[in-house]
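Dropping run15.cif in here (mmCIF, C-alpha atoms and all ligand atoms):
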```cif
data_upload
loop_
_atom_site.label_atom_id
_atom_site.label_comp_id
_atom_site.auth_asym_id
_atom_site.auth_seq_id
_atom_site.Cartn_x
_atom_site.Cartn_y
_atom_site.Cartn_z
CA MET A 298 0.00 0.00 0.00
CA SER A 299 2.69 2.46 1.00
CA GLU A 300 4.70 1.39 -2.03
CA GLU A 301 1.86 2.44 -4.30
CA GLU A 302 1.47 5.74 -2.54
CA LYS A 303 5.14 6.37 -2.99
CA VAL A 304 5.04 5.96 -6.77
CA PHE A 305 1.86 8.02 -7.09
CA HIS A 306 2.17 10.55 -9.87
CA PRO A 307 -0.15 13.57 -10.36
CA ALA A 308 -0.78 12.42 -13.94
CA ASP A 309 -2.00 9.02 -12.72
CA THR A 310 -5.68 9.99 -12.57
CA ASN A 311 -7.08 6.47 -12.05
CA GLY A 312 -4.46 5.67 -9.41
CA ASP A 313 -3.19 2.37 -10.84
CA GLY A 314 0.43 3.41 -10.35
CA LYS A 315 1.13 3.79 -14.06
CA VAL A 316 0.91 6.79 -16.33
CA SER A 317 -0.73 5.68 -19.55
CA LYS A 318 -0.48 7.56 -22.84
CA GLU A 319 -3.95 9.02 -22.32
CA GLU A 320 -3.16 10.12 -18.80
CA GLU A 321 0.08 11.68 -19.93
CA ALA A 322 -1.67 13.56 -22.74
CA LEU A 323 -4.36 14.77 -20.36
CA TYR A 324 -1.78 15.83 -17.82
CA LEU A 325 0.27 17.76 -20.38
CA GLU A 326 -2.88 19.37 -21.74
CA PHE A 327 -3.85 20.41 -18.24
CA LYS A 328 -0.38 21.83 -17.54
CA ARG A 329 -0.45 23.72 -20.84
CA LYS A 330 -3.85 25.24 -19.98
CA GLU A 331 -2.53 26.21 -16.57
CA LEU A 332 0.42 28.04 -18.12
CA GLU A 333 -1.84 29.73 -20.68
CA ASP A 334 -4.20 30.85 -17.93
CA ALA A 335 -1.32 32.26 -15.89
CA ASP A 336 -0.05 34.04 -19.00
CA ALA A 337 -3.48 35.51 -19.76
CA MET A 338 -3.83 36.62 -16.15
CA ARG A 339 -0.46 38.39 -16.26
CA ASP A 340 -1.47 40.15 -19.47
CA ALA A 341 -4.80 41.22 -18.00
CA GLN A 342 -3.14 42.53 -14.85
CA ARG A 343 -0.55 44.43 -16.86
CA ASN A 344 -3.21 45.96 -19.12
CA MET A 345 -5.31 46.93 -16.13
CA THR A 346 -2.31 48.57 -14.47
CA TRP A 347 -1.47 50.54 -17.61
CA PHE A 348 -5.10 51.56 -17.98
CA ALA A 349 -5.22 52.75 -14.37
CA LEU A 350 -1.92 54.61 -14.76
CA GLY A 351 -3.15 56.19 -18.01
CA GLY A 352 -6.25 57.42 -16.22
CA LEU A 353 -4.08 58.81 -13.46
CA LEU A 354 -1.90 60.74 -15.91
CA LEU A 355 -4.88 62.01 -17.89
CA TYR A 356 -6.85 63.02 -14.81
CA PRO A 357 -5.38 66.53 -14.48
CA PHE A 358 -5.99 67.12 -18.19
CA ALA A 359 -9.62 66.10 -17.73
CA VAL A 360 -9.92 68.69 -14.96
CA VAL A 361 -8.27 71.38 -17.10
CA LEU A 362 -10.43 70.45 -20.06
CA ALA A 363 -13.61 70.59 -17.99
CA SER A 364 -12.73 74.03 -16.67
CA MET A 365 -11.76 75.28 -20.15
CA VAL A 366 -15.00 74.08 -21.71
CA GLY A 367 -16.91 75.60 -18.82
CA LEU A 368 -18.26 72.41 -17.26
CA ASP A 369 -18.09 73.77 -13.72
CA GLN A 370 -20.07 70.89 -12.25
CA ALA A 371 -17.81 68.30 -13.93
CA GLN A 372 -14.74 70.16 -12.77
CA ALA A 373 -16.02 70.26 -9.19
CA THR A 374 -16.92 66.55 -9.28
CA LEU A 375 -13.51 65.60 -10.66
CA GLY A 376 -11.89 67.66 -7.94
CA ASP A 377 -13.96 65.96 -5.24
CA MET A 378 -13.19 62.52 -6.65
CA ALA A 379 -9.46 63.07 -7.02
CA PRO A 380 -8.26 61.96 -3.53
CA THR A 381 -10.27 58.71 -3.65
CA TYR A 382 -9.33 58.07 -7.24
CA PHE A 383 -5.62 58.60 -6.76
CA VAL A 384 -5.51 56.36 -3.70
CA ALA A 385 -7.40 53.62 -5.55
CA VAL A 386 -5.09 53.77 -8.56
CA ALA A 387 -2.03 53.87 -6.34
CA GLY A 388 -3.39 50.75 -4.62
CA ILE A 389 -3.80 48.91 -7.94
CA VAL A 390 -0.34 49.86 -9.15
CA ALA A 391 1.27 49.04 -5.80
CA ALA A 392 -0.46 45.64 -5.70
CA PHE A 393 0.68 44.87 -9.24
CA PHE A 394 4.32 45.77 -8.71
CA GLY A 395 4.27 44.24 -5.25
CA THR A 396 3.19 40.84 -6.57
CA GLN A 397 5.65 41.14 -9.44
CA ALA A 398 8.49 41.82 -7.02
CA MET A 399 7.44 38.92 -4.78
CA LYS A 400 7.31 36.53 -7.76
CA GLY A 401 10.71 37.72 -8.91
CA LYS A 402 12.29 36.87 -5.56
CA LYS A 403 11.10 33.25 -5.61
CA CA A 501 -3.09 5.29 -14.54
#
```
File written out as structure tokens:
Amino acid sequence: MSEEEKVFHPADTNGDGKVSKEEEALYLEFKRKELEDADAMRDAQRNMTWFALGGLLLYPFAVVLASMVGLDQAQATLGDMAPTYFVAVAGIVAAFFGTQAMKGKK
């Protein structure tokens, strides 16, 4: 019993102690999907971070634009939102680079 447990392989889905061709194919497919998912997640996180940063950089221009065009209400709203918005974006960016730095250390 303990012998079988010792030779257990994650690809051995039916637990007979051997990795058949089908099991190997399934395992590799699963691993490939896992890597693709991780890759897609990284891309999504990076895009989101750039989007958030872009909004942060464009924010002052939006305020200037609103005041130039004479949208006083919009200008006031943007001004009221700014502290919350900047903290939120800073949080997103910090979380992104924080996780990147942590992954890089491992
Ligand atoms: Ca098997």
Determine, using only C-alpha atoms, which residues of segment 337-372 of chain A have any atom at most 12 Å from an atom of segment 394-397 of chain A, and tabulate each with its shortest atom pair and distance in Å to one decimal place, rows ordered by chain and then rising number, as a tab-separated table.
```
residue	atom	partner	partner_atom	distance
A:Arg339	CA	A:Gln397	CA	9.6
A:Gln342	CA	A:Phe394	CA	10.2
A:Arg343	CA	A:Phe394	CA	9.6
A:Thr346	CA	A:Phe394	CA	9.2
A:Trp347	CA	A:Phe394	CA	11.6
```
Polymer residues at most 12 Å from Val361 of chain A, all atoms listed in the file, same-chain spacing of 6 or more positions, as a ChimeraX atom specification | /A:355,367-369,371-373,375-376
What do you get as a PDB file with C-alpha atoms, in the coordinates of the input if you pick all residues at most 10 Å from ligand CA 501 (chain A), counting only C-alpha atoms and all ligand atoms?
```pdb
ATOM      1  CA  PHE A 305       1.860   8.020  -7.090  1.00  0.00           C
ATOM      2  CA  HIS A 306       2.170  10.550  -9.870  1.00  0.00           C
ATOM      3  CA  PRO A 307      -0.150  13.570 -10.360  1.00  0.00           C
ATOM      4  CA  ALA A 308      -0.780  12.420 -13.940  1.00  0.00           C
ATOM      5  CA  ASP A 309      -2.000   9.020 -12.720  1.00  0.00           C
ATOM      6  CA  THR A 310      -5.680   9.990 -12.570  1.00  0.00           C
ATOM      7  CA  ASN A 311      -7.080   6.470 -12.050  1.00  0.00           C
ATOM      8  CA  GLY A 312      -4.460   5.670  -9.410  1.00  0.00           C
ATOM      9  CA  ASP A 313      -3.190   2.370 -10.840  1.00  0.00           C
ATOM     10  CA  GLY A 314       0.430   3.410 -10.350  1.00  0.00           C
ATOM     11  CA  LYS A 315       1.130   3.790 -14.060  1.00  0.00           C
ATOM     12  CA  VAL A 316       0.910   6.790 -16.330  1.00  0.00           C
ATOM     13  CA  SER A 317      -0.730   5.680 -19.550  1.00  0.00           C
ATOM     14  CA  LYS A 318      -0.480   7.560 -22.840  1.00  0.00           C
ATOM     15  CA  GLU A 319      -3.950   9.020 -22.320  1.00  0.00           C
ATOM     16  CA  GLU A 320      -3.160  10.120 -18.800  1.00  0.00           C
ATOM     17  CA  GLU A 321       0.080  11.680 -19.930  1.00  0.00           C
TER      18      GLU A 321
END
```
Atom CA of Ala392 of chain A to atom CA of Lys328 of chain A: how many Å, to one decimal?
->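 Taking atom CA of Ala392 of chain A and atom CA of Lys328 of chain A, their separation equals 26.6 Å.
Using only C-alpha atoms, the smallest distance between any of A:Met399, A:Val384, A:Ala322, A:Ala379 and Ala359 of chain A comes from A:Ala379.
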The distance between atom CA of Ala337 of chain A and atom CA of Gly388 of chain A is 21.5 Å
Taken to one decimal, the atom CA of Ala387 of chain A-atom CA of Ala349 of chain A distance is 8.7 Å
Compare A:Val366, A:Met378, A:Phe393, A:Gly401 by their minimum atom-to-atom distance to Met338 of chain A, counting all atoms listed in the file, and give me the closest one.
->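 Checking each candidate against Met338 of chain A, we get A:Phe393 as the closest.
With distances restricted to all atoms listed in the file, A:Tyr382 is the closest residue to Pro357 of chain A from A:Ala341, A:Phe327, A:Tyr382, A:Ala391.
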